[in-house]
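One file, structure.cif, is given below (mmCIF, C-alpha atoms and all ligand atoms).
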```cif
data_start
loop_
_atom_site.label_atom_id
_atom_site.label_comp_id
_atom_site.auth_asym_id
_atom_site.auth_seq_id
_atom_site.Cartn_x
_atom_site.Cartn_y
_atom_site.Cartn_z
CA MET A 1 -52.00 77.79 49.78
CA LYS A 2 -48.84 78.36 51.81
CA LYS A 3 -48.27 76.40 54.99
CA SER A 4 -48.07 79.52 57.17
CA LYS A 5 -51.42 80.74 55.79
CA ILE A 6 -53.11 77.37 56.42
CA ILE A 7 -51.87 77.31 60.00
CA GLU A 8 -52.91 80.95 60.44
CA ASP A 9 -56.49 80.01 59.49
CA TYR A 10 -56.42 77.38 62.22
CA ASP A 11 -55.03 79.87 64.71
CA ASN A 12 -57.85 82.24 63.87
CA TYR A 13 -60.81 79.98 63.23
CA VAL A 14 -60.27 76.47 64.65
CA ILE A 15 -60.69 75.69 68.34
CA PRO A 16 -57.27 74.75 69.74
CA ASN A 17 -58.34 71.49 71.43
CA TYR A 18 -55.65 69.39 69.71
CA ALA A 19 -51.87 69.46 70.07
CA ARG A 20 -50.98 69.55 66.38
CA ASN A 21 -47.63 68.99 64.67
CA PRO A 22 -46.79 71.87 62.34
CA ILE A 23 -47.16 69.58 59.32
CA VAL A 24 -49.80 70.17 56.64
CA LEU A 25 -50.67 66.91 54.89
CA VAL A 26 -51.99 67.14 51.37
CA LYS A 27 -52.05 63.67 49.83
CA GLY A 28 -52.02 59.98 50.70
CA GLU A 29 -51.42 56.83 48.72
CA GLY A 30 -51.02 53.39 50.23
CA VAL A 31 -48.57 53.49 53.12
CA TYR A 32 -47.36 57.03 52.36
CA VAL A 33 -48.62 60.56 52.97
CA TRP A 34 -47.09 63.78 51.68
CA ASP A 35 -46.89 67.20 53.23
CA GLU A 36 -47.24 70.54 51.56
CA ASP A 37 -43.47 70.83 50.97
CA GLY A 38 -43.49 67.51 49.10
CA LYS A 39 -41.88 65.61 51.97
CA ARG A 40 -42.98 61.96 52.08
CA TYR A 41 -43.85 60.14 55.31
CA LEU A 42 -44.05 56.39 55.84
CA ASP A 43 -47.29 55.98 57.82
CA LEU A 44 -47.10 53.04 60.24
CA PHE A 45 -49.82 54.44 62.48
CA SER A 46 -52.67 54.78 59.98
CA GLY A 47 -54.23 57.71 61.84
CA TRP A 48 -55.28 55.73 64.92
CA ALA A 49 -55.84 52.57 62.90
CA VAL A 50 -58.40 54.29 60.70
CA SER A 51 -56.71 53.99 57.29
CA SER A 52 -56.33 50.25 57.68
CA LEU A 53 -56.29 49.47 53.97
CA GLY A 54 -53.81 52.27 53.31
CA HIS A 55 -54.56 55.77 52.13
CA CYS A 56 -57.02 56.05 49.23
CA HIS A 57 -57.25 52.35 48.46
CA PRO A 58 -58.55 52.22 44.85
CA ASN A 59 -61.44 49.80 45.64
CA VAL A 60 -62.65 51.95 48.49
CA THR A 61 -62.20 55.23 46.62
CA LYS A 62 -64.15 53.82 43.68
CA ALA A 63 -67.01 52.68 45.92
CA THR A 64 -67.17 56.15 47.52
CA GLN A 65 -67.05 57.92 44.15
CA ASP A 66 -69.71 55.69 42.57
CA GLN A 67 -72.03 56.04 45.54
CA ALA A 68 -71.45 59.81 45.76
CA ALA A 69 -72.64 60.07 42.16
CA THR A 70 -75.70 57.88 42.84
CA LEU A 71 -77.24 58.62 46.23
CA VAL A 72 -75.48 60.16 49.24
CA HIS A 73 -78.12 60.36 51.93
CA VAL A 74 -81.58 59.04 52.68
CA PRO A 75 -83.28 59.36 56.05
CA ASN A 76 -83.72 56.16 58.04
CA ILE A 77 -87.44 56.12 57.33
CA PHE A 78 -86.46 54.52 53.98
CA TYR A 79 -84.35 51.56 52.93
CA SER A 80 -81.15 51.74 50.89
CA GLU A 81 -79.08 48.83 49.61
CA PRO A 82 -75.62 49.62 51.11
CA GLN A 83 -76.80 49.68 54.76
CA GLY A 84 -78.22 46.16 54.57
CA ARG A 85 -75.16 44.87 52.71
CA LEU A 86 -72.78 46.32 55.30
CA ALA A 87 -74.84 44.97 58.21
CA LYS A 88 -74.74 41.51 56.58
CA TYR A 89 -70.93 41.66 56.29
CA ILE A 90 -70.54 42.62 59.95
CA SER A 91 -73.06 40.04 61.12
CA GLU A 92 -71.81 37.11 59.05
CA ASN A 93 -68.21 37.74 60.07
CA SER A 94 -69.00 37.98 63.78
CA PHE A 95 -71.87 36.53 65.84
CA ASN A 96 -74.83 36.75 63.45
CA GLY A 97 -76.35 39.74 65.18
CA GLN A 98 -78.02 42.92 63.96
CA CYS A 99 -76.50 46.38 63.56
CA PHE A 100 -77.26 49.99 64.40
CA PHE A 101 -75.24 52.54 62.43
CA CYS A 102 -73.86 55.88 63.55
CA ASN A 103 -70.88 58.07 62.72
CA SER A 104 -68.12 57.52 65.26
CA GLY A 105 -66.72 55.29 67.97
CA ALA A 106 -68.15 57.38 70.77
CA GLU A 107 -71.61 57.20 69.23
CA ALA A 108 -71.35 53.43 68.81
CA ASN A 109 -70.42 53.10 72.49
CA GLU A 110 -73.12 55.57 73.50
CA ALA A 111 -75.60 53.34 71.66
CA ALA A 112 -74.20 50.27 73.44
CA ILE A 113 -74.60 51.91 76.85
CA LYS A 114 -78.14 53.02 76.04
CA LEU A 115 -79.02 49.56 74.74
CA ALA A 116 -77.63 47.86 77.85
CA ARG A 117 -79.74 50.17 79.99
CA ILE A 118 -83.01 50.01 78.07
CA HIS A 119 -82.69 46.23 77.77
CA SER A 120 -82.18 45.93 81.53
CA PHE A 121 -84.65 48.63 82.54
CA PRO A 122 -87.52 46.18 83.19
CA LYS A 123 -85.22 44.34 85.64
CA GLY A 124 -84.28 47.58 87.43
CA LYS A 125 -80.61 47.21 86.43
CA TYR A 126 -78.53 50.12 85.12
CA LYS A 127 -74.93 49.93 86.40
CA ILE A 128 -72.01 49.43 84.05
CA ILE A 129 -68.53 48.24 85.00
CA THR A 130 -65.58 49.43 82.89
CA MET A 131 -61.82 49.00 83.09
CA LYS A 132 -59.06 51.31 84.29
CA ASP A 133 -56.94 52.69 81.44
CA SER A 134 -59.84 52.17 79.03
CA PHE A 135 -60.90 54.55 76.30
CA HIS A 136 -64.47 54.65 75.01
CA GLY A 137 -64.92 58.17 73.63
CA ARG A 138 -65.61 61.79 74.56
CA THR A 139 -69.40 62.13 74.87
CA MET A 140 -70.60 62.45 78.46
CA ALA A 141 -71.53 58.79 78.85
CA THR A 142 -68.53 57.40 76.99
CA VAL A 143 -66.06 59.68 78.74
CA THR A 144 -67.59 58.51 82.01
CA ALA A 145 -67.10 54.92 80.83
CA THR A 146 -63.48 55.85 80.07
CA ALA A 147 -61.78 55.08 83.38
CA GLN A 148 -58.92 57.57 83.11
CA PRO A 149 -59.14 60.62 85.42
CA LYS A 150 -57.29 62.86 82.94
CA TYR A 151 -60.29 62.68 80.58
CA HIS A 152 -62.77 63.55 83.35
CA ARG A 153 -61.15 66.71 84.70
CA GLY A 154 -63.50 69.66 84.52
CA PHE A 155 -66.53 67.77 83.23
CA ALA A 156 -68.25 66.86 86.49
CA PRO A 157 -70.90 65.82 87.27
CA LEU A 158 -70.36 62.69 85.19
CA VAL A 159 -73.06 60.21 84.23
CA GLU A 160 -74.27 58.09 87.13
CA GLY A 161 -73.96 54.34 87.41
CA PHE A 162 -70.40 53.57 86.29
CA SER A 163 -67.72 51.82 88.32
CA TYR A 164 -64.12 51.01 87.46
CA VAL A 165 -61.98 47.94 88.02
CA SER A 166 -58.47 46.88 86.94
CA PHE A 167 -58.08 45.39 83.47
CA ASN A 168 -57.19 41.69 83.45
CA ASN A 169 -58.26 41.30 87.10
CA LEU A 170 -61.19 38.90 87.28
CA GLY A 171 -61.55 39.06 91.06
CA GLU A 172 -62.08 42.82 91.01
CA ALA A 173 -64.74 42.49 88.31
CA GLU A 174 -66.50 39.77 90.30
CA ASP A 175 -66.49 41.90 93.44
CA ALA A 176 -67.84 44.95 91.59
CA VAL A 177 -70.96 43.13 90.34
CA ASP A 178 -74.18 43.72 92.24
CA ASP A 179 -77.88 43.16 91.56
CA LYS A 180 -78.08 46.47 89.68
CA THR A 181 -75.25 45.68 87.23
CA CYS A 182 -76.47 45.52 83.62
CA GLY A 183 -73.19 45.61 81.66
CA ILE A 184 -69.47 44.94 81.70
CA MET A 185 -67.74 46.98 79.02
CA LEU A 186 -64.16 46.72 77.83
CA GLU A 187 -61.82 46.91 74.88
CA THR A 188 -60.68 43.44 73.87
CA VAL A 189 -57.27 45.07 73.36
CA GLN A 190 -56.84 48.41 75.14
CA GLY A 191 -55.51 50.95 72.67
CA GLU A 192 -55.12 54.35 74.37
CA GLY A 193 -54.26 52.54 77.62
CA GLY A 194 -50.94 51.41 76.12
CA ILE A 195 -51.79 48.27 74.07
CA ASN A 196 -52.96 45.84 76.74
CA VAL A 197 -54.29 42.49 75.51
CA ALA A 198 -57.01 40.75 77.54
CA ASP A 199 -55.87 37.38 78.95
CA LYS A 200 -57.65 34.23 77.74
CA ASP A 201 -58.88 33.25 81.23
CA TYR A 202 -59.97 36.79 81.90
CA MET A 203 -62.23 36.91 78.85
CA THR A 204 -63.81 33.53 79.50
CA GLY A 205 -64.14 34.52 83.17
CA LEU A 206 -65.95 37.76 82.30
CA ARG A 207 -68.25 35.88 79.93
CA LYS A 208 -69.15 33.51 82.77
CA ILE A 209 -69.76 36.35 85.25
CA CYS A 210 -72.09 37.92 82.69
CA ASP A 211 -73.92 34.65 82.01
CA ASP A 212 -74.31 33.84 85.70
CA ASN A 213 -75.63 37.29 86.61
CA ASP A 214 -77.72 38.24 83.57
CA ILE A 215 -75.26 40.97 82.56
CA LEU A 216 -74.42 42.08 79.00
CA LEU A 217 -70.82 41.74 77.85
CA ILE A 218 -70.02 44.82 75.75
CA LEU A 219 -66.82 44.68 73.70
CA ASP A 220 -65.45 47.92 72.30
CA GLU A 221 -63.66 46.90 69.11
CA VAL A 222 -63.53 50.44 67.74
CA GLN A 223 -59.73 50.28 67.54
CA CYS A 224 -58.88 46.56 67.67
CA GLY A 225 -61.60 45.36 65.26
CA MET A 226 -61.73 45.12 61.46
CA GLY A 227 -58.75 42.82 60.97
CA ARG A 228 -56.27 44.77 63.07
CA THR A 229 -55.31 41.73 65.18
CA GLY A 230 -55.27 39.22 62.29
CA LYS A 231 -58.91 38.20 62.77
CA TYR A 232 -61.94 40.27 61.85
CA PHE A 233 -62.63 40.99 65.49
CA ALA A 234 -60.20 40.66 68.39
CA TYR A 235 -62.68 38.67 70.51
CA GLN A 236 -62.35 35.88 67.93
CA HIS A 237 -58.98 35.04 69.49
CA TYR A 238 -61.00 33.93 72.53
CA ASP A 239 -63.57 31.23 72.97
CA ILE A 240 -66.41 33.68 73.57
CA THR A 241 -68.86 35.98 71.84
CA PRO A 242 -70.00 39.37 73.18
CA ASP A 243 -73.62 40.47 73.61
CA ILE A 244 -72.81 43.86 72.12
CA MET A 245 -69.86 44.92 69.98
CA THR A 246 -68.93 48.38 68.74
CA LEU A 247 -66.94 49.36 65.65
CA ALA A 248 -65.76 52.56 64.02
CA LYS A 249 -62.18 53.61 63.16
CA ALA A 250 -61.17 51.23 60.34
CA LEU A 251 -64.75 50.38 59.36
CA GLY A 252 -64.84 53.08 56.67
CA ASN A 253 -61.07 53.35 56.03
CA GLY A 254 -61.38 57.06 56.79
CA THR A 255 -65.02 57.80 55.98
CA ALA A 256 -66.90 58.58 59.20
CA VAL A 257 -68.96 55.55 60.21
CA GLY A 258 -69.68 53.67 63.42
CA ALA A 259 -71.65 50.53 64.17
CA MET A 260 -73.06 48.70 67.13
CA GLU A 261 -73.95 45.04 66.76
CA THR A 262 -75.99 42.98 69.19
CA THR A 263 -77.80 39.65 69.17
CA LYS A 264 -81.19 39.46 67.50
CA GLU A 265 -82.78 38.83 70.89
CA ILE A 266 -81.28 41.87 72.63
CA ALA A 267 -81.86 44.01 69.51
CA LYS A 268 -85.61 43.75 70.17
CA SER A 269 -85.14 46.23 73.02
CA LEU A 270 -84.41 49.05 70.55
CA VAL A 271 -87.93 49.66 69.29
CA PRO A 272 -88.75 52.49 66.85
CA GLY A 273 -88.24 55.84 68.56
CA SER A 274 -85.84 54.55 71.22
CA HIS A 275 -82.59 55.54 69.51
CA ALA A 276 -81.57 57.12 66.20
CA SER A 277 -78.94 58.92 64.15
CA THR A 278 -79.64 61.23 61.22
CA PHE A 279 -76.49 60.34 59.27
CA GLY A 280 -76.19 56.81 60.65
CA GLY A 281 -76.12 54.17 57.94
CA ASN A 282 -76.15 56.64 55.05
CA PRO A 283 -75.51 55.10 51.62
CA LEU A 284 -72.18 56.88 51.13
CA ALA A 285 -70.62 55.62 54.38
CA CYS A 286 -72.11 52.14 54.05
CA ALA A 287 -71.07 51.61 50.42
CA THR A 288 -67.56 52.69 51.42
CA SER A 289 -67.46 50.36 54.44
CA ALA A 290 -68.88 47.47 52.44
CA ALA A 291 -65.96 47.96 50.03
CA VAL A 292 -63.61 47.69 53.02
CA PHE A 293 -65.00 44.22 53.80
CA GLU A 294 -64.90 43.23 50.14
CA THR A 295 -61.25 44.32 49.91
CA ILE A 296 -60.23 42.50 53.09
CA GLU A 297 -61.69 39.32 51.54
CA ALA A 298 -60.33 39.86 48.01
CA GLU A 299 -56.80 40.57 49.24
CA GLY A 300 -56.71 37.99 52.04
CA LEU A 301 -55.81 40.73 54.50
CA LEU A 302 -56.59 38.89 57.73
CA ASP A 303 -53.88 36.30 57.01
CA LYS A 304 -51.52 38.97 55.79
CA ALA A 305 -52.02 41.04 58.94
CA ALA A 306 -51.41 38.01 61.16
CA LYS A 307 -48.25 37.03 59.27
CA MET A 308 -46.82 40.54 59.13
CA GLY A 309 -47.62 40.92 62.83
CA ASP A 310 -45.52 37.82 63.55
CA TYR A 311 -42.70 39.28 61.49
CA ILE A 312 -42.81 42.61 63.33
CA PHE A 313 -42.85 40.90 66.74
CA ASP A 314 -39.76 38.87 65.70
CA GLN A 315 -37.96 42.01 64.61
CA LEU A 316 -38.93 43.93 67.73
CA GLY A 317 -37.94 41.01 69.93
CA ASN A 318 -34.44 41.22 68.46
CA MET A 319 -34.41 44.98 68.86
CA ALA A 320 -35.43 44.68 72.52
CA LYS A 321 -32.47 42.37 73.17
CA GLU A 322 -30.08 44.94 71.72
CA LEU A 323 -31.55 48.15 73.12
CA ASP A 324 -31.78 48.57 76.86
CA VAL A 325 -34.27 51.46 76.51
CA ILE A 326 -37.03 49.00 75.48
CA LYS A 327 -38.90 47.68 78.51
CA GLU A 328 -41.48 45.48 76.81
CA VAL A 329 -43.01 44.73 73.42
CA ARG A 330 -46.66 43.69 73.49
CA GLY A 331 -49.79 43.46 71.39
CA ILE A 332 -51.40 41.18 68.86
CA GLY A 333 -51.33 41.12 65.07
CA LEU A 334 -50.76 44.64 63.79
CA MET A 335 -51.68 46.34 67.07
CA ILE A 336 -48.31 46.80 68.66
CA GLY A 337 -46.91 48.69 71.64
CA ILE A 338 -43.25 49.18 72.50
CA GLU A 339 -43.00 50.29 76.10
CA LEU A 340 -39.87 52.34 76.76
CA LYS A 341 -38.15 53.00 80.06
CA ILE A 342 -38.39 56.72 79.18
CA PRO A 343 -41.19 58.97 77.85
CA ALA A 344 -41.84 58.10 74.20
CA ALA A 345 -42.95 61.49 72.84
CA GLU A 346 -39.45 62.66 71.89
CA THR A 347 -38.73 59.46 69.96
CA VAL A 348 -42.02 59.75 68.08
CA LYS A 349 -41.24 63.40 67.21
CA LYS A 350 -37.78 62.45 65.92
CA CYS A 351 -39.32 59.66 63.82
CA SER A 352 -41.72 62.13 62.27
CA ASP A 353 -38.82 64.50 61.45
CA ALA A 354 -37.15 61.49 59.80
CA GLY A 355 -40.28 60.80 57.73
CA LEU A 356 -41.87 58.02 59.81
CA LEU A 357 -45.29 58.36 61.43
CA LEU A 358 -45.80 56.46 64.70
CA ASN A 359 -47.65 57.43 67.87
CA CYS A 360 -46.98 57.80 71.57
CA THR A 361 -49.67 56.61 73.96
CA HIS A 362 -49.82 56.25 77.73
CA ASP A 363 -46.63 58.37 78.01
CA THR A 364 -44.04 55.65 77.53
CA VAL A 365 -45.53 53.47 74.79
CA ILE A 366 -44.73 53.76 71.08
CA ARG A 367 -47.75 52.50 69.17
CA ILE A 368 -47.40 50.91 65.74
CA MET A 369 -50.56 50.12 63.76
CA PRO A 370 -49.64 49.80 60.09
CA GLN A 371 -52.15 49.25 57.33
CA LEU A 372 -53.19 45.57 57.01
CA ASN A 373 -51.62 45.26 53.56
CA VAL A 374 -48.25 46.71 54.62
CA LYS A 375 -45.22 45.16 52.90
CA GLN A 376 -42.15 43.79 54.60
CA GLU A 377 -39.96 46.40 52.92
CA HIS A 378 -41.99 49.17 54.58
CA ILE A 379 -41.67 47.51 57.96
CA ASP A 380 -37.92 47.06 57.48
CA GLU A 381 -37.58 50.70 56.47
CA GLY A 382 -39.68 51.97 59.40
CA LEU A 383 -38.10 49.78 62.07
CA GLY A 384 -34.67 50.76 60.73
CA ILE A 385 -35.44 54.44 61.28
CA LEU A 386 -36.93 53.72 64.71
CA LYS A 387 -33.92 51.67 65.79
CA ASP A 388 -31.43 54.36 64.83
CA ILE A 389 -33.42 56.94 66.77
CA LEU A 390 -33.83 54.69 69.81
CA LYS A 391 -30.06 54.15 69.83
CA SER A 392 -29.57 57.90 70.15
CA VAL A 393 -32.09 58.70 72.91
C1 LIG B 401 -61.08 56.00 69.21
C2 LIG B 401 -61.83 55.14 70.13
C3 LIG B 401 -63.13 55.46 70.53
C4 LIG B 401 -63.80 56.78 70.15
O1 LIG B 401 -63.99 56.88 68.80
P1 LIG B 401 -64.38 58.33 68.15
O2 LIG B 401 -64.65 58.00 66.72
O3 LIG B 401 -63.18 59.22 68.34
O4 LIG B 401 -65.56 58.82 68.86
C5 LIG B 401 -63.81 54.57 71.33
N1 LIG B 401 -63.24 53.42 71.72
C6 LIG B 401 -61.99 53.08 71.37
C7 LIG B 401 -61.42 51.78 71.81
C8 LIG B 401 -61.24 53.92 70.56
O5 LIG B 401 -59.98 53.61 70.25
#
```

Write out the structure in this file as structure tokens.
Amino acid sequence: MKKSKIIEDYDNYVIPNYARNPIVLVKGEGVYVWDEDGKRYLDLFSGWAVSSLGHCHPNVTKATQDQAATLVHVPNIFYSEPQGRLAKYISENSFNGQCFFCNSGAEANEAAIKLARIHSFPKGKYKIITMKDSFHGRTMATVTATAQPKYHRGFAPLVEGFSYVSFNNLGEAEDAVDDKTCGIMLETVQGEGGINVADKDYMTGLRKICDDNDILLILDEVQCGMGRTGKYFAYQHYDITPDIMTLAKALGNGTAVGAMETTKEIAKSLVPGSHASTFGGNPLACATSAAVFETIEAEGLLDKAAKMGDYIFDQLGNMAKELDVIKEVRGIGLMIGIELKIPAAETVKKCSDAGLLLNCTHDTVIRIMPQLNVKQEHIDEGLGILKDILKSV
């Protein structure tokens, strides 16, 4: 089908709630995607860190195909093998908790918020503290948790019981706690907020506030989890564990799946009937996600991501010395933000014209989140294109 016809169908039949580039993508393999004209793009953004093993990784594709030919869906009143296997991978690689499965990041966070409340209900506690510049999703509760006014406009009244404090400011968090607070929720590394990494003291400080006040620490690892930072989960760079953790984006390498993990003790609060998802934990999504874990192990991708992250930070450090337009380079592992002194959208658009996919977030930040198995030659190629464009803006 011709590009103009495809876009016409969107114009006629798809709600225009996204600002789309006029590019129709038709195929992906590894670090590349192709558009309908046959133009190839080097993808160093991985679609918001979703395609973390690269597009159509053969192990993952095979797992999806095999499962699709065996059993796609069973309701959660039965057992199926992939759900248990996936839960075991998440649990054993994190804090030995138990999982609830759903279909997206927002749903995972919605489940976390509901769990924090139902768990604390007998104590009369319901308030949740979240961080400015956070992003937790677009459902009513998760958009309320998202402390960025631009996402709230027009949706009032929001959900009650949320308050907002500055990220990486322990004093503000301490002051915001009262006897009705049941949860403190944050991204270990803020993604949409411009790639902001939580300080070591801040994380241990929040853990202590939670312990001292019988509050649940909820870590949203929807974007920063699944190896993105060079460890399975970003909190593992700190000397703490969360009470609740949420996952989605890279968990299925593109297949829709979300998960919420909590400790076995807290999990007891979600009794039958308290929460549910029709598609959550279906065999197709879980077999696919299990293959993601198996591939991360088989290919040693955590180490590779950490090493390639070091390489990129070295390269960007040099670039920042040469180019005055770069204000700061920050991040961890393969979750990288380059803050410019000017808006970043134009640079990102020029990169895309030149066949390089990156992203602009928080107005002035170029976000780079390559697949975990990205090769140095791809990084060199991509940063070369970026540097030439940055020289010209
Ligand atoms: C993307 C994102 C979400 C929302 O995920 P959806 O799958 O779009 O609902 C939540 N939290 C963080 C940190 C995210 O990056």

- Identify, counting only C-alpha atoms and all ligand atoms, the protein, DNA and RNA residues located within 7 Å of ligand LIG 401 (chain B), and give them as a ChimeraX atom specification. /A:104-107,109,135-138,187,190-192,220-223,248-249

- Task: Counting only C-alpha atoms, figure out which residue out of A:Asn12, A:Lys375, A:Glu160, A:Gly30 gets nearest to Thr61 of chain A.
- Result: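 Checking each of A:Asn12, A:Lys375, A:Glu160, A:Gly30 against Thr61 of chain A, counting only C-alpha atoms, the winner is A:Gly30.
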
- Could you tell me which of A:Phe100, A:Leu356, A:Ser120, A:Phe233 comes closest to Gly84 of chain A if we count only C-alpha atoms?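 Looking at the shortest contact to Gly84 of chain A, the residue is A:Phe100.
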
- Can you list, as a PyMOL selection string, every protein, DNA or RNA residue that comes within 8 Å of Met245 of chain A when you count all atoms listed in the file, leaving out same-chain residues fewer than 5 positions away? chain A and resi 112+218-221+260-262

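Take atom CA of Val292 of chain A and atom CA of Leu251 of chain A: the distance between them is 7.0 Å.
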